[in-house]
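Below: data-v4.cif (mmCIF, C-alpha atoms)
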data_data
#
loop_
_atom_site.group_PDB
_atom_site.id
_atom_site.type_symbol
_atom_site.label_atom_id
_atom_site.label_comp_id
_atom_site.auth_asym_id
_atom_site.auth_seq_id
_atom_site.Cartn_x
_atom_site.Cartn_y
_atom_site.Cartn_z
ATOM 1 C CA MET A 7 1.484 -26.487 14.476
ATOM 2 C CA LEU A 8 1.698 -22.872 13.362
ATOM 3 C CA THR A 9 3.040 -22.304 9.871
ATOM 4 C CA LEU A 10 3.973 -18.782 8.873
ATOM 5 C CA TYR A 11 4.589 -17.826 5.268
ATOM 6 C CA THR A 12 6.556 -14.599 5.247
ATOM 7 C CA THR A 13 9.816 -12.817 4.597
ATOM 8 C CA PRO A 14 11.767 -10.673 7.051
ATOM 9 C CA LEU A 15 12.463 -8.360 4.106
ATOM 10 C CA SER A 16 8.896 -7.080 4.473
ATOM 11 C CA ALA A 17 7.770 -4.689 7.216
ATOM 12 C CA ASN A 18 4.533 -6.666 7.518
ATOM 13 C CA GLY A 19 6.488 -9.901 7.652
ATOM 14 C CA ARG A 20 8.899 -8.563 10.275
ATOM 15 C CA LYS A 21 6.206 -7.367 12.659
ATOM 16 C CA VAL A 22 4.598 -10.818 12.708
ATOM 17 C CA LEU A 23 7.977 -12.487 13.247
ATOM 18 C CA ALA A 24 8.716 -10.021 16.056
ATOM 19 C CA VAL A 25 5.424 -10.671 17.863
ATOM 20 C CA ALA A 26 5.846 -14.442 17.507
ATOM 21 C CA ALA A 27 9.336 -14.191 18.990
ATOM 22 C CA HIS A 28 8.208 -11.888 21.806
ATOM 23 C CA LEU A 29 5.456 -14.355 22.732
ATOM 24 C CA GLY A 30 7.924 -17.244 22.698
ATOM 25 C CA LEU A 31 6.241 -18.925 19.758
ATOM 26 C CA ALA A 32 8.194 -20.954 17.227
ATOM 27 C CA PRO A 33 6.117 -21.227 14.061
ATOM 28 C CA ASP A 34 7.373 -23.206 11.104
ATOM 29 C CA VAL A 35 8.543 -20.286 8.962
ATOM 30 C CA ARG A 36 8.303 -20.771 5.204
ATOM 31 C CA LEU A 37 10.179 -18.002 3.439
ATOM 32 C CA VAL A 38 8.348 -16.437 0.509
ATOM 33 C CA ASN A 39 10.295 -13.643 -1.169
ATOM 34 C CA VAL A 40 7.448 -11.752 -2.798
ATOM 35 C CA TYR A 41 9.944 -9.229 -4.158
ATOM 36 C CA ARG A 42 11.431 -11.941 -6.348
ATOM 37 C CA GLY A 43 8.049 -13.256 -7.516
ATOM 38 C CA GLU A 44 7.733 -16.189 -5.098
ATOM 39 C CA GLY A 45 4.258 -15.056 -4.062
ATOM 40 C CA ARG A 46 2.997 -15.832 -7.568
ATOM 41 C CA THR A 47 3.963 -19.520 -7.598
ATOM 42 C CA PRO A 48 1.049 -21.983 -7.848
ATOM 43 C CA GLU A 49 2.108 -23.508 -4.522
ATOM 44 C CA TYR A 50 1.873 -20.226 -2.663
ATOM 45 C CA LEU A 51 -1.252 -19.027 -4.463
ATOM 46 C CA ALA A 52 -2.925 -22.177 -3.135
ATOM 47 C CA VAL A 53 -2.133 -20.862 0.374
ATOM 48 C CA ASN A 54 -2.999 -17.218 -0.282
ATOM 49 C CA PRO A 55 -4.707 -16.365 -3.598
ATOM 50 C CA THR A 56 -3.607 -12.721 -3.323
ATOM 51 C CA GLY A 57 0.038 -13.799 -3.439
ATOM 52 C CA LYS A 58 0.840 -11.485 -0.527
ATOM 53 C CA ILE A 59 2.593 -12.204 2.731
ATOM 54 C CA PRO A 60 2.352 -12.900 5.575
ATOM 55 C CA THR A 61 -0.081 -15.772 5.852
ATOM 56 C CA LEU A 62 -0.536 -17.844 9.006
ATOM 57 C CA VAL A 63 -1.855 -21.405 8.895
ATOM 58 C CA ASP A 64 -3.026 -22.960 12.149
ATOM 59 C CA GLY A 65 -4.887 -26.213 11.580
ATOM 60 C CA ASP A 66 -7.928 -25.344 9.479
ATOM 61 C CA LEU A 67 -7.364 -21.609 9.869
ATOM 62 C CA ASN A 68 -5.705 -19.887 6.933
ATOM 63 C CA LEU A 69 -5.187 -16.263 7.959
ATOM 64 C CA PRO A 70 -3.758 -13.476 5.782
ATOM 65 C CA GLU A 71 -3.282 -9.822 6.774
ATOM 66 C CA SER A 72 -0.485 -9.006 9.192
ATOM 67 C CA ASN A 73 -2.552 -7.121 11.776
ATOM 68 C CA ALA A 74 -5.143 -9.921 11.949
ATOM 69 C CA ILE A 75 -2.276 -12.360 12.474
ATOM 70 C CA LEU A 76 -0.890 -10.222 15.312
ATOM 71 C CA GLN A 77 -4.290 -10.222 16.997
ATOM 72 C CA TYR A 78 -4.709 -13.964 16.582
ATOM 73 C CA LEU A 79 -1.235 -14.816 17.887
ATOM 74 C CA ALA A 80 -1.659 -12.603 20.960
ATOM 75 C CA GLU A 81 -5.099 -13.937 21.815
ATOM 76 C CA ALA A 82 -5.062 -17.578 20.700
ATOM 77 C CA HIS A 83 -1.424 -18.434 21.402
ATOM 78 C CA GLY A 84 -0.246 -15.692 23.756
ATOM 79 C CA ASP A 85 -2.908 -15.851 26.480
ATOM 80 C CA PHE A 86 -3.793 -12.239 25.599
ATOM 81 C CA ARG A 87 -0.259 -10.996 26.273
ATOM 82 C CA LEU A 88 0.278 -7.958 24.028
ATOM 83 C CA SER A 89 -3.524 -7.703 23.903
ATOM 84 C CA SER A 90 -6.157 -7.481 26.619
ATOM 85 C CA ARG A 91 -9.159 -9.364 27.922
ATOM 86 C CA ASP A 92 -10.882 -6.023 28.467
ATOM 87 C CA PRO A 93 -13.104 -5.169 25.464
ATOM 88 C CA ALA A 94 -12.433 -1.434 25.688
ATOM 89 C CA GLU A 95 -8.670 -1.927 25.708
ATOM 90 C CA ARG A 96 -8.897 -4.419 22.839
ATOM 91 C CA ALA A 97 -10.863 -1.794 20.902
ATOM 92 C CA ARG A 98 -8.139 0.809 21.572
ATOM 93 C CA ILE A 99 -5.535 -1.643 20.292
ATOM 94 C CA ALA A 100 -7.660 -2.440 17.231
ATOM 95 C CA SER A 101 -8.037 1.272 16.542
ATOM 96 C CA TRP A 102 -4.247 1.589 16.190
ATOM 97 C CA LEU A 103 -4.113 -1.525 13.995
ATOM 98 C CA PHE A 104 -6.681 0.049 11.659
ATOM 99 C CA TRP A 105 -4.813 3.387 11.805
ATOM 100 C CA GLU A 106 -1.583 1.653 10.809
ATOM 101 C CA ALA A 107 -3.199 -0.088 7.832
ATOM 102 C CA SER A 108 -5.324 2.803 6.585
ATOM 103 C CA HIS A 109 -3.131 5.845 7.319
ATOM 104 C CA TRP A 110 0.423 5.111 8.470
ATOM 105 C CA GLN A 111 1.528 2.504 5.950
ATOM 106 C CA PRO A 112 -0.141 4.206 2.933
ATOM 107 C CA ALA A 113 1.567 7.511 3.843
ATOM 108 C CA LEU A 114 4.985 5.903 4.267
ATOM 109 C CA VAL A 115 4.984 3.780 1.109
ATOM 110 C CA PRO A 116 5.460 6.657 -1.376
ATOM 111 C CA VAL A 117 8.010 8.371 0.876
ATOM 112 C CA LEU A 118 10.138 5.225 1.253
ATOM 113 C CA ALA A 119 9.438 3.448 -2.054
ATOM 114 C CA ALA A 120 12.598 4.454 -3.918
ATOM 115 C CA LEU A 121 14.960 3.704 -1.035
ATOM 116 C CA VAL A 122 13.305 0.427 -0.059
ATOM 117 C CA GLY A 123 12.988 -0.685 -3.666
ATOM 118 C CA HIS A 124 16.714 -0.158 -4.186
ATOM 119 C CA ARG A 125 17.570 -1.956 -0.941
ATOM 120 C CA LEU A 126 15.414 -4.962 -1.838
ATOM 121 C CA LEU A 127 16.246 -5.137 -5.550
ATOM 122 C CA PRO A 128 19.503 -3.244 -6.138
ATOM 123 C CA ASP A 129 19.999 -4.996 -9.476
ATOM 124 C CA VAL A 130 16.593 -3.777 -10.710
ATOM 125 C CA VAL A 131 15.771 -0.523 -8.894
ATOM 126 C CA PRO A 132 18.313 2.321 -9.163
ATOM 127 C CA ALA A 133 19.491 4.207 -6.091
ATOM 128 C CA PRO A 134 17.181 7.114 -5.264
ATOM 129 C CA ALA A 135 18.239 10.513 -6.544
ATOM 130 C CA SER A 136 17.222 12.219 -3.288
ATOM 131 C CA PRO A 137 16.552 11.267 0.330
ATOM 132 C CA PRO A 138 13.018 10.574 1.580
ATOM 133 C CA GLU A 139 10.799 13.637 1.978
ATOM 134 C CA TRP A 140 9.987 13.508 5.692
ATOM 135 C CA GLY A 141 7.977 16.733 5.435
ATOM 136 C CA ASP A 142 5.497 15.090 3.046
ATOM 137 C CA GLU A 143 2.041 16.622 3.554
ATOM 138 C CA GLN A 144 0.380 13.227 4.073
ATOM 139 C CA LEU A 145 3.034 11.933 6.462
ATOM 140 C CA ARG A 146 3.827 14.964 8.617
ATOM 141 C CA PRO A 147 0.455 15.081 10.460
ATOM 142 C CA LEU A 148 0.781 11.372 11.281
ATOM 143 C CA LEU A 149 4.272 11.858 12.695
ATOM 144 C CA ASP A 150 2.947 14.741 14.782
ATOM 145 C CA GLN A 151 0.031 12.591 15.978
ATOM 146 C CA LEU A 152 2.415 9.849 17.087
ATOM 147 C CA GLU A 153 4.688 12.393 18.746
ATOM 148 C CA ASP A 154 1.826 13.888 20.772
ATOM 149 C CA ARG A 155 0.667 10.450 21.789
ATOM 150 C CA LEU A 156 4.091 9.141 22.781
ATOM 151 C CA LEU A 157 5.165 12.212 24.716
ATOM 152 C CA ALA A 158 2.268 11.465 27.084
ATOM 153 C CA ARG A 159 2.678 7.691 27.514
ATOM 154 C CA ALA A 160 5.217 4.893 27.204
ATOM 155 C CA PHE A 161 3.320 2.948 24.538
ATOM 156 C CA LEU A 162 0.520 3.666 22.086
ATOM 157 C CA THR A 163 -2.356 2.596 24.325
ATOM 158 C CA GLY A 164 -0.804 3.470 27.683
ATOM 159 C CA ASP A 165 1.822 1.931 29.953
ATOM 160 C CA ALA A 166 1.783 -1.576 28.465
ATOM 161 C CA LEU A 167 3.372 -2.848 25.268
ATOM 162 C CA THR A 168 0.789 -4.249 22.829
ATOM 163 C CA ILE A 169 0.543 -5.553 19.287
ATOM 164 C CA ALA A 170 -0.351 -1.983 18.293
ATOM 165 C CA ASP A 171 3.229 -0.939 19.050
ATOM 166 C CA PHE A 172 4.664 -3.766 16.958
ATOM 167 C CA SER A 173 2.296 -2.933 14.109
ATOM 168 C CA VAL A 174 3.163 0.762 13.913
ATOM 169 C CA ALA A 175 6.879 0.115 14.464
ATOM 170 C CA GLY A 176 6.984 -2.386 11.602
ATOM 171 C CA MET A 177 7.309 0.219 8.868
ATOM 172 C CA MET A 178 9.819 2.137 10.962
ATOM 173 C CA THR A 179 12.435 -0.577 10.563
ATOM 174 C CA TYR A 180 13.394 1.322 7.398
ATOM 175 C CA PHE A 181 13.803 4.653 9.202
ATOM 176 C CA ARG A 182 17.444 4.377 10.277
ATOM 177 C CA SER A 183 18.683 3.478 6.800
ATOM 178 C CA ALA A 184 16.508 6.307 5.464
ATOM 179 C CA ASP A 185 18.088 8.893 7.814
ATOM 180 C CA PHE A 186 14.853 9.747 9.583
ATOM 181 C CA PRO A 187 15.392 12.892 11.717
ATOM 182 C CA PHE A 188 14.590 11.275 15.066
ATOM 183 C CA ALA A 189 15.766 14.369 16.970
ATOM 184 C CA ALA A 190 12.763 16.293 15.626
ATOM 185 C CA TRP A 191 10.357 13.816 17.239
ATOM 186 C CA PRO A 192 11.857 12.899 20.662
ATOM 187 C CA GLY A 193 8.756 11.105 21.946
ATOM 188 C CA LEU A 194 8.593 8.929 18.851
ATOM 189 C CA ALA A 195 12.349 8.371 18.989
ATOM 190 C CA SER A 196 12.295 7.260 22.630
ATOM 191 C CA TRP A 197 9.371 4.898 22.013
ATOM 192 C CA TYR A 198 11.021 3.395 18.938
ATOM 193 C CA GLU A 199 14.251 2.813 20.868
ATOM 194 C CA ARG A 200 12.224 0.808 23.404
ATOM 195 C CA ILE A 201 10.688 -1.248 20.615
ATOM 196 C CA GLU A 202 14.073 -1.825 18.953
ATOM 197 C CA ALA A 203 15.541 -2.968 22.264
ATOM 198 C CA LEU A 204 13.039 -5.834 22.343
#
Before we go any further, please render this structure as structure tokens.
Amino acid sequence: MLTLYTTPLSANGRKVLAVAAHLGLAPDVRLVNVYRGEGRTPEYLAVNPTGKIPTLVDGDLNLPESNAILQYLAEAHGDFRLSSRDPAERARIASWLFWEASHWQPALVPVLAALVGHRLLPDVVPAPASPPEWGDEQLRPLLDQLEDRLLARAFLTGDALTIADFSVAGMMTYFRSADFPFAAWPGLASWYERIEAL
């Protein structure tokens, strides 16, 4: 029995929930609202000592880190759907998972922090004084990289949807409420519409 500790309020939590749903899996979802301190309870710290979400438990396996969970679900419970049995293709997918964790998410956090903080904790975090800065010098090259990639192919690694697409799209679930200028990046916009439609 798969048990998933998460919250759909989190981009990392949502991408794992989305992959599980797409694969037809029905984990036992235990909601942990880390934004309200629930990740620091002794009960949850016994599951994940970092207090972060998501965490997947499958028998003796206790697995944190959203991208590792995506990989495990696709391979162990999805018969490699959204992944690949080909080592080279799996490496291409993994490359995007690492890119998401080391570049994409760190660049988006400061741009979206004020808006997301207010959305998650309106009683604590005041409304932002200005909209997100989409021309941020750390973020702009990454948006351009995605645009170039997605003008040339339907999905990040080619013609097939993979966990890489879910991973990168996870942080974009904030984009509509943040008035992201999709028209400036038509390849990215078209790809994200396909992901949303799932």
Evaluate the PyMOL selection byres ((chain A and resi 107) around 12) against this structure - the residues, as a list in words, please.
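Answer for the PyMOL selection byres ((chain A and resi 107) around 12): Ala17, Asn18, Glu71, Ser72, Asn73, Ala74, Ala100, Ser101, Trp102, Leu103, Phe104, Trp105, Glu106, Ser108, His109, Trp110, Gln111, Pro112, Ala113, Leu114, Val115, Ala170, Ser173, Val174, Gly176 and Met177 of chain A.
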What is the distance, in Å and to one decimal place, between atom CA of Arg155 of chain A and atom CA of Arg87 of chain A?
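Atom CA of Arg87 of chain A lies 21.9 Å from atom CA of Arg155 of chain A.
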Taking into account all atoms listed in the file, which residue in the set A:Gly45, A:Gly123, A:Pro192, A:Pro134 is nearest to Asp154 of chain A?
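Closest to Asp154 of chain A of all the choices is A:Pro192.
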I would like the residues chosen by the PyMOL selection byres ((chain A and resi 9) around 10) on the shown file; could you give them as an MDAnalysis selection string?
chainID A and resid 7:8 10:12 32:36 61:65 68
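Atom CA of Ser136 of chain A lies 27.3 Å from atom CA of Thr13 of chain A.
Proximity to Ile201 of chain A was assessed for A:Ser90, A:Gln77, A:Thr168, A:Ser183 counting all atoms listed in the file; the smallest distance is recorded for A:Thr168.
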